[in-house]
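A short write-up of the structure that comes next.
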Amino acid sequence: MSSHIMEVVVEGRLGNELIASLPGFDVETGADGRSRIVGAVSDQAKLLGLLDLFAELNIEVISVNPVTPNDLTPKG
């Protein structure tokens, strides 16, 4: 199975230690205080593992979205 690029949006700012534990993912925090985690997910188990991590840390997941290459192109 090929990897899919996924975006997970969570409530709040993630700490540096947590960000460091997410290799292969880019993490951005917006002005609205939500964090956007984007990266390749090789299979459903990896995605569920990521979501379980957030659940264990009581981090509210707002949305989980597939990302197309067009979504990764810088705007401006």
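Going through the structure tokens in order, the chains are called A, B, and so on, while each chain numbers its residues from 1 and the ligands are numbered from 1 in the order shown.
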Subject >> Neighbour list for range 1-14 of chain A as a PyMOL selection string, cut-off 9 Å, only C-alpha atoms, skip fewer than 2 positions in-chain >> reply: chain A and resi 16-19+27-30+32-43+47+51+54+59-69
Residue selection dump (N, CA and C atoms) as a JSON list (two decimals), in the first residue's frame:
[["chain", "number", "residue", "atom", "x", "y", "z"],
["A", 16, "ASN", "N", 7.30, 21.02, 22.30],
["A", 16, "ASN", "CA", 8.46, 20.61, 21.50],
["A", 16, "ASN", "C", 8.76, 19.12, 21.64],
["A", 17, "GLU", "N", 8.60, 18.57, 22.83],
["A", 17, "GLU", "CA", 8.87, 17.15, 23.05],
["A", 17, "GLU", "C", 7.91, 16.28, 22.24],
["A", 18, "LEU", "N", 6.63, 16.66, 22.21],
["A", 18, "LEU", "CA", 5.66, 15.91, 21.44],
["A", 18, "LEU", "C", 5.94, 16.03, 19.94],
["A", 19, "ILE", "N", 6.27, 17.23, 19.50],
["A", 19, "ILE", "CA", 6.59, 17.44, 18.08],
["A", 19, "ILE", "C", 7.78, 16.58, 17.69],
["A", 27, "VAL", "N", 4.53, 20.16, 11.69],
["A", 27, "VAL", "CA", 3.56, 20.69, 12.65],
["A", 27, "VAL", "C", 3.58, 22.21, 12.58],
["A", 28, "GLU", "N", 2.41, 22.79, 12.40],
["A", 28, "GLU", "CA", 2.24, 24.25, 12.37],
["A", 28, "GLU", "C", 1.12, 24.62, 13.32],
["A", 29, "THR", "N", 1.28, 25.74, 14.02],
["A", 29, "THR", "CA", 0.20, 26.24, 14.87],
["A", 29, "THR", "C", -0.30, 27.54, 14.26],
["A", 30, "GLY", "N", -1.61, 27.60, 14.04],
["A", 30, "GLY", "CA", -2.22, 28.77, 13.43],
["A", 30, "GLY", "C", -2.57, 29.83, 14.45],
["A", 32, "ASP", "N", -5.38, 30.74, 15.20],
["A", 32, "ASP", "CA", -6.57, 30.32, 15.94],
["A", 32, "ASP", "C", -6.24, 29.40, 17.11],
["A", 33, "GLY", "N", -4.93, 29.08, 17.29],
["A", 33, "GLY", "CA", -4.52, 28.23, 18.39],
["A", 33, "GLY", "C", -4.61, 26.75, 18.10],
["A", 34, "ARG", "N", -4.99, 26.40, 16.89],
["A", 34, "ARG", "CA", -5.06, 24.99, 16.51],
["A", 34, "ARG", "C", -3.76, 24.58, 15.83],
["A", 35, "SER", "N", -3.36, 23.34, 16.03],
["A", 35, "SER", "CA", -2.16, 22.81, 15.40],
["A", 35, "SER", "C", -2.55, 21.91, 14.24],
["A", 36, "ARG", "N", -1.76, 21.99, 13.19],
["A", 36, "ARG", "CA", -1.98, 21.21, 11.97],
["A", 36, "ARG", "C", -0.78, 20.28, 11.82],
["A", 37, "ILE", "N", -1.03, 18.98, 11.84],
["A", 37, "ILE", "CA", 0.01, 17.97, 11.72],
["A", 37, "ILE", "C", -0.18, 17.31, 10.36],
["A", 38, "VAL", "N", 0.85, 17.38, 9.50],
["A", 38, "VAL", "CA", 0.75, 16.87, 8.14],
["A", 38, "VAL", "C", 1.91, 15.92, 7.87],
["A", 39, "GLY", "N", 1.60, 14.76, 7.32],
["A", 39, "GLY", "CA", 2.65, 13.82, 6.97],
["A", 39, "GLY", "C", 2.12, 12.59, 6.29],
["A", 40, "ALA", "N", 3.06, 11.76, 5.85],
["A", 40, "ALA", "CA", 2.71, 10.52, 5.17],
["A", 40, "ALA", "C", 2.27, 9.47, 6.17],
["A", 41, "VAL", "N", 1.17, 8.82, 5.84],
["A", 41, "VAL", "CA", 0.63, 7.74, 6.66],
["A", 41, "VAL", "C", 0.61, 6.50, 5.78],
["A", 42, "SER", "N", 1.40, 5.51, 6.15],
["A", 42, "SER", "CA", 1.56, 4.33, 5.29],
["A", 42, "SER", "C", 0.37, 3.40, 5.32],
["A", 43, "ASP", "N", -0.35, 3.36, 6.44],
["A", 43, "ASP", "CA", -1.50, 2.48, 6.54],
["A", 43, "ASP", "C", -2.43, 2.95, 7.65],
["A", 47, "LEU", "N", -2.17, 5.65, 11.20],
["A", 47, "LEU", "CA", -3.10, 6.75, 11.47],
["A", 47, "LEU", "C", -3.79, 6.55, 12.81],
["A", 51, "LEU", "N", -3.76, 8.92, 16.21],
["A", 51, "LEU", "CA", -4.98, 9.39, 16.87],
["A", 51, "LEU", "C", -5.06, 8.88, 18.31],
["A", 54, "PHE", "N", -2.91, 11.08, 20.57],
["A", 54, "PHE", "CA", -3.60, 12.32, 20.95],
["A", 54, "PHE", "C", -4.68, 12.05, 22.00],
["A", 59, "ILE", "N", -5.67, 15.37, 23.93],
["A", 59, "ILE", "CA", -5.60, 16.43, 22.92],
["A", 59, "ILE", "C", -6.80, 16.24, 22.00],
["A", 60, "GLU", "N", -7.62, 17.28, 21.92],
["A", 60, "GLU", "CA", -8.84, 17.20, 21.12],
["A", 60, "GLU", "C", -8.52, 17.23, 19.62],
["A", 61, "VAL", "N", -8.95, 16.20, 18.91],
["A", 61, "VAL", "CA", -8.79, 16.14, 17.46],
["A", 61, "VAL", "C", -9.99, 16.83, 16.83],
["A", 62, "ILE", "N", -9.73, 17.83, 16.01],
["A", 62, "ILE", "CA", -10.79, 18.60, 15.34],
["A", 62, "ILE", "C", -11.17, 17.93, 14.02],
["A", 63, "SER", "N", -10.16, 17.52, 13.23],
["A", 63, "SER", "CA", -10.46, 16.90, 11.94],
["A", 63, "SER", "C", -9.28, 16.07, 11.46],
["A", 64, "VAL", "N", -9.59, 15.12, 10.58],
["A", 64, "VAL", "CA", -8.60, 14.29, 9.91],
["A", 64, "VAL", "C", -8.95, 14.35, 8.43],
["A", 65, "ASN", "N", -7.98, 14.79, 7.62],
["A", 65, "ASN", "CA", -8.27, 15.06, 6.21],
["A", 65, "ASN", "C", -7.17, 14.53, 5.31],
["A", 66, "PRO", "N", -7.54, 13.94, 4.17],
["A", 66, "PRO", "CA", -6.51, 13.62, 3.17],
["A", 66, "PRO", "C", -6.02, 14.92, 2.54],
["A", 67, "VAL", "N", -4.76, 14.95, 2.14],
["A", 67, "VAL", "CA", -4.17, 16.15, 1.55],
["A", 67, "VAL", "C", -3.71, 15.80, 0.14],
["A", 68, "THR", "N", -4.04, 16.65, -0.81],
["A", 68, "THR", "CA", -3.58, 16.49, -2.19],
["A", 68, "THR", "C", -2.33, 17.33, -2.39],
["A", 69, "PRO", "N", -1.54, 17.03, -3.41],
["A", 69, "PRO", "CA", -0.34, 17.85, -3.68],
["A", 69, "PRO", "C", -0.67, 19.34, -3.82]]
Subject >> Backbone-only DSSP, strand (DSSP E) members of range 7-55 of chain A, as a PyMOL selection string >> reply: chain A and resi 7-11+25-29+34-41
Export of the given selection (N, CA, C and O atoms) as an mmCIF file, in the first residue's frame:
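Final output, again-v2.cif:
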data_model
loop_
_atom_site.group_PDB
_atom_site.id
_atom_site.type_symbol
_atom_site.label_atom_id
_atom_site.label_comp_id
_atom_site.auth_asym_id
_atom_site.auth_seq_id
_atom_site.Cartn_x
_atom_site.Cartn_y
_atom_site.Cartn_z
ATOM 1 N N GLU A 7 -3.688 15.161 7.003
ATOM 2 C CA GLU A 7 -3.650 16.327 7.881
ATOM 3 C C GLU A 7 -4.532 16.011 9.084
ATOM 4 O O GLU A 7 -5.680 15.606 8.924
ATOM 5 N N VAL A 8 -3.974 16.201 10.270
ATOM 6 C CA VAL A 8 -4.753 16.072 11.500
ATOM 7 C C VAL A 8 -4.718 17.444 12.170
ATOM 8 O O VAL A 8 -3.643 18.002 12.404
ATOM 9 N N VAL A 9 -5.878 17.991 12.451
ATOM 10 C CA VAL A 9 -5.976 19.288 13.118
ATOM 11 C C VAL A 9 -6.412 19.035 14.554
ATOM 12 O O VAL A 9 -7.393 18.328 14.798
ATOM 13 N N VAL A 10 -5.645 19.599 15.493
ATOM 14 C CA VAL A 10 -5.949 19.418 16.906
ATOM 15 C C VAL A 10 -6.074 20.772 17.584
ATOM 16 O O VAL A 10 -5.548 21.781 17.106
ATOM 17 N N GLU A 11 -6.757 20.767 18.709
ATOM 18 C CA GLU A 11 -6.934 21.991 19.492
ATOM 19 C C GLU A 11 -5.670 22.243 20.301
ATOM 20 O O GLU A 11 -5.141 21.336 20.942
ATOM 21 N N PHE A 25 6.444 14.159 10.263
ATOM 22 C CA PHE A 25 5.277 15.035 10.229
ATOM 23 C C PHE A 25 5.716 16.487 10.396
ATOM 24 O O PHE A 25 6.613 16.784 11.178
ATOM 25 N N ASP A 26 5.071 17.377 9.644
ATOM 26 C CA ASP A 26 5.265 18.816 9.823
ATOM 27 C C ASP A 26 4.159 19.312 10.738
ATOM 28 O O ASP A 26 2.997 18.929 10.584
ATOM 29 N N VAL A 27 4.528 20.164 11.693
ATOM 30 C CA VAL A 27 3.560 20.687 12.652
ATOM 31 C C VAL A 27 3.578 22.207 12.580
ATOM 32 O O VAL A 27 4.633 22.832 12.670
ATOM 33 N N GLU A 28 2.405 22.790 12.400
ATOM 34 C CA GLU A 28 2.243 24.251 12.370
ATOM 35 C C GLU A 28 1.123 24.618 13.321
ATOM 36 O O GLU A 28 0.121 23.902 13.410
ATOM 37 N N THR A 29 1.282 25.741 14.020
ATOM 38 C CA THR A 29 0.200 26.243 14.866
ATOM 39 C C THR A 29 -0.303 27.540 14.257
ATOM 40 O O THR A 29 0.479 28.453 13.985
ATOM 41 N N ARG A 34 -4.993 26.399 16.892
ATOM 42 C CA ARG A 34 -5.062 24.986 16.514
ATOM 43 C C ARG A 34 -3.760 24.580 15.826
ATOM 44 O O ARG A 34 -3.150 25.382 15.130
ATOM 45 N N SER A 35 -3.360 23.335 16.035
ATOM 46 C CA SER A 35 -2.159 22.813 15.397
ATOM 47 C C SER A 35 -2.550 21.913 14.238
ATOM 48 O O SER A 35 -3.515 21.161 14.320
ATOM 49 N N ARG A 36 -1.762 21.994 13.189
ATOM 50 C CA ARG A 36 -1.975 21.211 11.974
ATOM 51 C C ARG A 36 -0.783 20.283 11.817
ATOM 52 O O ARG A 36 0.356 20.746 11.724
ATOM 53 N N ILE A 37 -1.031 18.977 11.841
ATOM 54 C CA ILE A 37 0.008 17.967 11.720
ATOM 55 C C ILE A 37 -0.179 17.310 10.358
ATOM 56 O O ILE A 37 -1.243 16.755 10.075
ATOM 57 N N VAL A 38 0.851 17.382 9.500
ATOM 58 C CA VAL A 38 0.748 16.867 8.135
ATOM 59 C C VAL A 38 1.913 15.925 7.866
ATOM 60 O O VAL A 38 3.061 16.256 8.167
ATOM 61 N N GLY A 39 1.595 14.759 7.317
ATOM 62 C CA GLY A 39 2.651 13.823 6.970
ATOM 63 C C GLY A 39 2.120 12.587 6.289
ATOM 64 O O GLY A 39 0.910 12.382 6.181
ATOM 65 N N ALA A 40 3.060 11.757 5.850
ATOM 66 C CA ALA A 40 2.711 10.520 5.166
ATOM 67 C C ALA A 40 2.266 9.469 6.174
ATOM 68 O O ALA A 40 2.894 9.280 7.211
ATOM 69 N N VAL A 41 1.171 8.822 5.844
ATOM 70 C CA VAL A 41 0.635 7.736 6.665
ATOM 71 C C VAL A 41 0.608 6.501 5.776
ATOM 72 O O VAL A 41 -0.105 6.460 4.778
#
Which residues in chain A does DSSP call helix (DSSP H, G or I)? List them as a PDB file with N, CA and C atoms, in the first residue's frame.
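Output (out_30.pdb):
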ATOM      1  N   ASN A  16       7.300  21.021  22.299  1.00  0.00           N
ATOM      2  CA  ASN A  16       8.459  20.611  21.504  1.00  0.00           C
ATOM      3  C   ASN A  16       8.762  19.123  21.640  1.00  0.00           C
ATOM      4  N   GLU A  17       8.597  18.574  22.832  1.00  0.00           N
ATOM      5  CA  GLU A  17       8.872  17.151  23.051  1.00  0.00           C
ATOM      6  C   GLU A  17       7.908  16.278  22.239  1.00  0.00           C
ATOM      7  N   LEU A  18       6.634  16.661  22.213  1.00  0.00           N
ATOM      8  CA  LEU A  18       5.657  15.906  21.436  1.00  0.00           C
ATOM      9  C   LEU A  18       5.941  16.029  19.943  1.00  0.00           C
ATOM     10  N   ILE A  19       6.266  17.230  19.497  1.00  0.00           N
ATOM     11  CA  ILE A  19       6.585  17.441  18.077  1.00  0.00           C
ATOM     12  C   ILE A  19       7.779  16.578  17.686  1.00  0.00           C
ATOM     13  N   ALA A  20       8.792  16.505  18.551  1.00  0.00           N
ATOM     14  CA  ALA A  20       9.980  15.691  18.266  1.00  0.00           C
ATOM     15  C   ALA A  20       9.642  14.206  18.174  1.00  0.00           C
ATOM     16  N   GLN A  44      -3.564   2.294   7.748  1.00  0.00           N
ATOM     17  CA  GLN A  44      -4.564   2.692   8.732  1.00  0.00           C
ATOM     18  C   GLN A  44      -4.044   2.535  10.161  1.00  0.00           C
ATOM     19  N   ALA A  45      -3.215   1.529  10.404  1.00  0.00           N
ATOM     20  CA  ALA A  45      -2.668   1.314  11.751  1.00  0.00           C
ATOM     21  C   ALA A  45      -1.832   2.508  12.201  1.00  0.00           C
ATOM     22  N   LYS A  46      -1.044   3.092  11.298  1.00  0.00           N
ATOM     23  CA  LYS A  46      -0.233   4.264  11.657  1.00  0.00           C
ATOM     24  C   LYS A  46      -1.130   5.453  11.984  1.00  0.00           C
ATOM     25  N   LEU A  47      -2.169   5.651  11.200  1.00  0.00           N
ATOM     26  CA  LEU A  47      -3.099   6.750  11.465  1.00  0.00           C
ATOM     27  C   LEU A  47      -3.790   6.547  12.806  1.00  0.00           C
ATOM     28  N   LEU A  48      -4.260   5.338  13.061  1.00  0.00           N
ATOM     29  CA  LEU A  48      -4.935   5.060  14.335  1.00  0.00           C
ATOM     30  C   LEU A  48      -3.971   5.213  15.512  1.00  0.00           C
ATOM     31  N   GLY A  49      -2.713   4.850  15.319  1.00  0.00           N
ATOM     32  CA  GLY A  49      -1.717   5.042  16.368  1.00  0.00           C
ATOM     33  C   GLY A  49      -1.522   6.505  16.704  1.00  0.00           C
ATOM     34  N   LEU A  50      -1.495   7.344  15.677  1.00  0.00           N
ATOM     35  CA  LEU A  50      -1.354   8.780  15.880  1.00  0.00           C
ATOM     36  C   LEU A  50      -2.569   9.333  16.630  1.00  0.00           C
ATOM     37  N   LEU A  51      -3.761   8.924  16.209  1.00  0.00           N
ATOM     38  CA  LEU A  51      -4.977   9.387  16.870  1.00  0.00           C
ATOM     39  C   LEU A  51      -5.059   8.875  18.311  1.00  0.00           C
ATOM     40  N   ASP A  52      -4.606   7.631  18.545  1.00  0.00           N
ATOM     41  CA  ASP A  52      -4.574   7.093  19.913  1.00  0.00           C
ATOM     42  C   ASP A  52      -3.628   7.895  20.797  1.00  0.00           C
ATOM     43  N   LEU A  53      -2.488   8.311  20.243  1.00  0.00           N
ATOM     44  CA  LEU A  53      -1.543   9.130  21.002  1.00  0.00           C
ATOM     45  C   LEU A  53      -2.207  10.415  21.471  1.00  0.00           C
ATOM     46  N   PHE A  54      -2.915  11.085  20.573  1.00  0.00           N
ATOM     47  CA  PHE A  54      -3.598  12.321  20.951  1.00  0.00           C
ATOM     48  C   PHE A  54      -4.680  12.048  21.996  1.00  0.00           C
ATOM     49  N   ALA A  55      -5.401  10.952  21.866  1.00  0.00           N
ATOM     50  CA  ALA A  55      -6.439  10.600  22.840  1.00  0.00           C
ATOM     51  C   ALA A  55      -5.823  10.362  24.217  1.00  0.00           C
ATOM     52  N   GLU A  56      -4.707   9.642  24.271  1.00  0.00           N
ATOM     53  CA  GLU A  56      -4.034   9.370  25.545  1.00  0.00           C
ATOM     54  C   GLU A  56      -3.565  10.644  26.225  1.00  0.00           C
ATOM     55  N   PRO A  69      -1.537  17.029  -3.412  1.00  0.00           N
ATOM     56  CA  PRO A  69      -0.343  17.846  -3.677  1.00  0.00           C
ATOM     57  C   PRO A  69      -0.665  19.338  -3.819  1.00  0.00           C
ATOM     58  N   ASN A  70      -1.817  19.681  -4.375  1.00  0.00           N
ATOM     59  CA  ASN A  70      -2.209  21.077  -4.504  1.00  0.00           C
ATOM     60  C   ASN A  70      -2.356  21.751  -3.145  1.00  0.00           C
ATOM     61  N   ASP A  71      -2.766  20.999  -2.120  1.00  0.00           N
ATOM     62  CA  ASP A  71      -2.923  21.554  -0.778  1.00  0.00           C
ATOM     63  C   ASP A  71      -1.579  21.890  -0.165  1.00  0.00           C
ATOM     64  N   LEU A  72      -0.495  21.258  -0.640  1.00  0.00           N
ATOM     65  CA  LEU A  72       0.830  21.485  -0.085  1.00  0.00           C
ATOM     66  C   LEU A  72       1.567  22.624  -0.757  1.00  0.00           C
TER      67      LEU A  72
END
